[in-house]
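So the structure is just underneath, and the comments pick up after that.
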Amino acid sequence: MSEQITGYIDHIIYRNEENGYTVLVLKMAGEEELTCVGTFPDITQGATIEASGSFTRHSTYGRQFQVVSFVEKAPEDALAMERYLGSGAIKGIGAALAARIVRHFGQDTLRIVEEEPERLAEVKGISEKKAREVAAQVTEKADMRRAMIFLQKYGISLNLGAKIYQKYGQSLYQVLQENPYRLAEDITGVGFKIADEIAGRIGIQPDSEYRIRSGLYYVLLQSAGEGHVYLPREELFSRASYLLDVDASYMEKHLMDMALDHKVILKQRESEVMVYPSQHYYLELNTARMLKELNIRYPQNEKQCAGRIARIEKETGTVLDEMQRKAVMAAAENGLLILTGGPGTGKTTTINAIIRFFESENAVLRLAAPTGRAAKRMTETTGYEAQTIHRMLELNGMPEEERDRQVIRFERNAENPLEADVIIIDEMSMVDIFLMHSLLLAVMTGTRLILVGDENQLPSVGPGNVLRDLIRSGQFPVVELTKIFRQAQESDIVVNAHRIHAGEPVPLDNKSRDFFFLKRYDADVIIRVLLALIKDKLPPYVEAKPSEIQVLTPMRKGALGVERLNQVLQRYLNPPDPSKKEKEVGDRLFREGDKVMQIRNDYQMEWEIRGLYGIPVDQGVGVFNGDTGILKSINEFAETAEVEFEDGRIAEYAFKQLEDLELSYAVTIHKSQGSEYPAVVIPLLTGPKMLMNRNLLYTAVTRARRCVTIVGSENAFAEMIRNEQQQTRYSSLDLRIRELCGEED
């Protein structure tokens, strides 16, 4: 139940100027002091406020009042006026000058300041110019106060209200009355749904032009979260009709208007109309153009190249097969090369041979992968330092207002390209269209670009299907490694992964040394088996710690989904302990020692790598969706937590930022892309047909280095192998490439 309090702000303990979050001390009748916390867009010491909210008790700081809304009250007497003016609320007026003003005008001070501020020049020490400056400030503060009261009438929070006022000023009244859907486009943190709620309260009609256009655009942008670069027109209309509860027949005209305004791009392919948000279309088009520019032939003396490859084989004690030699030769002959193949087909050996080939020419090489874990593995397997793509491109963070806009700023770009002769990117299936575009901007024509990946892995989390589209375009040299090497043939993980990919049955006789199937048919029994495997059986078998063994599951929800599994696994693998601090965030409980995963890209999060005695030896910015680590410490006094990621980066999270973390004892198979674990355990019972497919199972099995254990139903396992259906992903980089190369689809 909401309560109301009134008093004046004695002093401000803490204030975040970016979002208005404030901790202050309010003095009430009888001089009782109360700590208040909440969002105060523009507030100063000395101001009198009436606040609504509720009393809470903080574990460290005791009783507090959580402010939900407030109004600033005019000072009621001369003393309150003097306190207000002397607080610094009006720049240029301090305590002594405030006392003189109140002495001069007495009880009429408030009216003079608000209605005739030019008369302040009557007071000694205030010039006419200063009086005009005070007048402007008073007007601005009164305008903002009125705006905040107006916005609160429509259920708009103080924090959001401050952003709206900052953006539009006095024109906010016109914007809200005419087209509140502009908020969704102009202000970070306002999506279509918030704008739609505001519009409903203001009285905008459900079939208004603004609402339908905004809804169509919202659906397009939301589909990027499913990996789509565009949507077919009929699917767009169907989704928008469901969202807006408006018949699809209303939408054609509005879509054409959006195309005329260059908000969307329409492209025809046979009978299908493809609808792109403009920025997505031009991302694909520019990516295609840059790829075409890199695709240069560098004629080589075949005999000399063959001799150099033979020397590399002799020096390294390796024997390359025909396709591996072809890949090394193709890397020498082409500005752009795609190297693809499944597990055990010798991609790493081939990369190493390519590195040594170019090293013998004293070429400058750069190696990178999409994630920290993949980059670390690339370093280990090549002996050559690899970085994340973000790090190689020198991410420099983003302005706060652009954080949700997919605008990423890199120091390396067209004006400041990468200094390298050869760039090798691994795990290309994880690279989305945004990252690919940024990478290509920083690659000069004349630099060789070698893209390595397994096209049968799941596509990127972000929009696009870059690796598959490049291969499908048919315009670039592709070397596909298919032979499984003898050493790899000894691993049932590799052999069974290829069987799964080919749709062939997998023997479940448990005669393998690294691939096991434990038949169980009840979710609770399966969880008990998972715990026994992680705590007791697998660590000595694969020579790893329990924290290094990863549970991979197809889904988030359900009896064997990530959410339930993490709660149970946390309870048994990192149980409560008086020596371990805890922090509750929404429905999640974090405890020191927990395995955690970042679930959103944060381009501004600072991190450091520490050496001996905890001294920082490296630092940077950027923590990304899918990065995993251990929650090392929770500091209740500073309200921070420290996470050490697997590649050694340490980042400090404010408690509010912990919303961007979740437990990772179990992760979805999608989130495990690009990772490799000593052992994986996969619970399988039932799930949605679109999720329980061959591609997902293949990805899960290939995450394991030494051991795969599947616990569950053999029928579910067999059905996944048979199910070739994958969620359709609407991307068209291959079409843009073919158009530029003069080939129509």
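Residues in the structure tokens are named by chain (A, B, ... in the order shown) and by number from 1 within that chain; ligands are numbered from 1 in the order shown.
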| request: Might you pull out every residue within 9 Å of Gln300 (chain A), with only C-alpha atoms counted and same-chain residues fewer than 5 positions away left off, and present them as a list in words? | output: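 With the cut-off at 9 Å, the set is Cys305, Met329, Ala332 and Glu333 of chain A.
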| message | Measuring between only C-alpha atoms, which one of A:Thr702, A:Ser241, A:Gln66, A:Asn16 shows the shortest distance to Pro41 (chain A)? | response | A:Asn16
| field | Nearest candidate to Arg706 (chain A) (options A:Tyr677, A:Tyr230, A:Tyr181, A:Tyr281; using only C-alpha atoms) | value |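 For Arg706 (chain A), the nearest of the candidates is A:Tyr677.
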Tell me, counting only C-alpha atoms, for each residue of region 328-367 of chain A within 12 Å of region 389-398 of chain A, which pair of atoms is nearest and how far apart they are in Å to one decimal, in rows ordered by chain and increasing number, as CSV.
```
residue,atom,partner,partner_atom,distance
A:Leu365,CA,A:Met392,CA,11.8
A:Arg366,CA,A:Met392,CA,8.2
A:Leu367,CA,A:Met392,CA,8.6
```
| task | Go through A:Leu658, A:Ile737, A:Met148, A:Leu339 one by one, measure the shortest atom-to-atom distance of each to Leu451 (chain A) using only C-alpha atoms, and give the residue with the smallest value. | result |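 Closest candidate: A:Leu339.
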| message | List the spatial neighbours of Val466 (chain A) as a ChimeraX atom specification - criterion: any atom at most 12 Å away, only C-alpha atoms, same-chain residues fewer than 4 positions off excluded. | response | /A:227-229,283-284,287-288,291,338,427-437,451-455,458-462,470-473,729-737
| task | Using only C-alpha atoms, find the one residue out of A:Glu714, A:Glu31, A:Asp108, A:Glu322 that sits nearest to Ala78 (chain A). | result |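 The shortest atom-to-atom distance to Ala78 (chain A) comes from A:Asp108.
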| message | List the spatial neighbours of region 373-386 of chain A as JSON, numbers by chain - criterion: any atom at most 9 Å away, only C-alpha atoms, same-chain residues fewer than 3 positions off excluded. | response | {"A": [348, 349, 351, 352, 355, 366, 367, 368, 369, 370, 389, 392, 426, 427, 627, 628, 646, 647, 674, 675, 676]}
| query | Which is closest to Leu236 (chain A) among A:Glu178, A:Glu272, A:Glu642, A:Glu592, if we use only C-alpha atoms? | reply |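 Closest candidate: A:Glu272.
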| query | Residues at most 10 Å from Thr316 (chain A), counting only C-alpha atoms, excluding those fewer than 3 positions away in the same chain, as a list in words? | reply |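 My list of contacting residues is Arg311, Ile312, Glu313, Val319, Asn352, Ala353 and Arg356 of chain A.
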| task | Name the residues in contact with region 441-443 of chain A at a cut-off of 9 Å, using only C-alpha atoms, excluding same-chain residues fewer than 6 positions from it; report them as a list in words. | result |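 In the requested form, the answer reads Thr287, Met290, Leu294, Leu393, Arg412, Asn413, Ala414, Glu415, Asn416, Pro417, Leu418, Glu419, Ala420, Ile423 and Leu449 of chain A.
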Write the residues of the preceding selection, restricted to N, CA and C atoms, as a short mmCIF file (atom, residue, chain, number, x, y, z; two decimals), in the first residue's frame.
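Okay, out_14.cif is ready:
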```
data_model
loop_
_atom_site.label_atom_id
_atom_site.label_comp_id
_atom_site.auth_asym_id
_atom_site.auth_seq_id
_atom_site.Cartn_x
_atom_site.Cartn_y
_atom_site.Cartn_z
N THR A 287 28.19 -5.10 -46.66
CA THR A 287 29.00 -6.29 -46.35
C THR A 287 29.34 -7.03 -47.64
N MET A 290 32.03 -5.09 -49.62
CA MET A 290 33.39 -5.19 -49.06
C MET A 290 33.98 -6.59 -49.28
N LEU A 294 37.50 -7.66 -51.40
CA LEU A 294 38.60 -8.45 -50.85
C LEU A 294 38.92 -9.68 -51.69
N LEU A 393 39.34 -5.38 -32.85
CA LEU A 393 38.84 -4.15 -33.47
C LEU A 393 38.89 -2.96 -32.52
N ARG A 412 39.17 0.55 -34.60
CA ARG A 412 39.61 0.07 -35.92
C ARG A 412 38.43 0.09 -36.88
N ASN A 413 38.59 0.82 -37.97
CA ASN A 413 37.50 0.99 -38.94
C ASN A 413 38.11 1.40 -40.28
N ALA A 414 37.29 1.94 -41.18
CA ALA A 414 37.80 2.29 -42.52
C ALA A 414 38.88 3.37 -42.45
N GLU A 415 38.77 4.29 -41.48
CA GLU A 415 39.77 5.36 -41.35
C GLU A 415 41.03 4.87 -40.63
N ASN A 416 40.88 3.83 -39.80
CA ASN A 416 42.01 3.32 -39.02
C ASN A 416 42.03 1.79 -39.12
N PRO A 417 42.38 1.25 -40.32
CA PRO A 417 42.25 -0.20 -40.52
C PRO A 417 43.28 -1.01 -39.74
N LEU A 418 43.02 -2.31 -39.67
CA LEU A 418 43.95 -3.23 -39.01
C LEU A 418 45.24 -3.34 -39.82
N GLU A 419 46.35 -3.34 -39.10
CA GLU A 419 47.64 -3.48 -39.78
C GLU A 419 48.00 -4.97 -39.79
N ALA A 420 47.67 -5.63 -40.88
CA ALA A 420 47.92 -7.07 -40.97
C ALA A 420 47.96 -7.47 -42.44
N ILE A 423 44.49 -12.15 -41.89
CA ILE A 423 43.61 -12.22 -40.72
C ILE A 423 42.84 -13.53 -40.79
N LEU A 449 41.91 -12.49 -45.98
CA LEU A 449 40.96 -12.81 -44.90
C LEU A 449 40.58 -14.28 -45.04
#
```
| request: Give me every helix (DSSP H, G or I) residue in region 73-266 of chain A, going by DSSP on the backbone, as a ChimeraX atom specification. | output: /A:78-89,95-115,117-122,128-153,158-178,182-186,192-202,209-226,233-244,248-260
| said: Under the rule that only C-alpha atoms are counted, which of A:Gln550, A:Gln4, A:Gln304, A:Gln268 is the nearest residue to Cys707 (chain A)? | reply: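 Going through A:Gln550, A:Gln4, A:Gln304, A:Gln268 one by one, the smallest distance to Cys707 (chain A) is for A:Gln550.
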| said: Could you go through region 196-268 of chain A and tell me which residues DSSP, when run on the backbone, assigns to strand (DSSP E), listing them as number ranges by chain? | reply: A: 231-232, 264-268
| request: Would you list the contacts of Asp492 (chain A) as a PyMOL selection string, taking every protein, DNA or RNA residue within 10 Å and counting only C-alpha atoms, but skipping same-chain residues closer than 4 positions in sequence? | output: chain A and resi 488+496-499+506+511-516+706-708
| query | What does the distance from CA of Asp618 (chain A) to CA of Gln387 (chain A) come to in Å, to one decimal? | reply |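 Here the two named atoms are 13.2 Å from each other.
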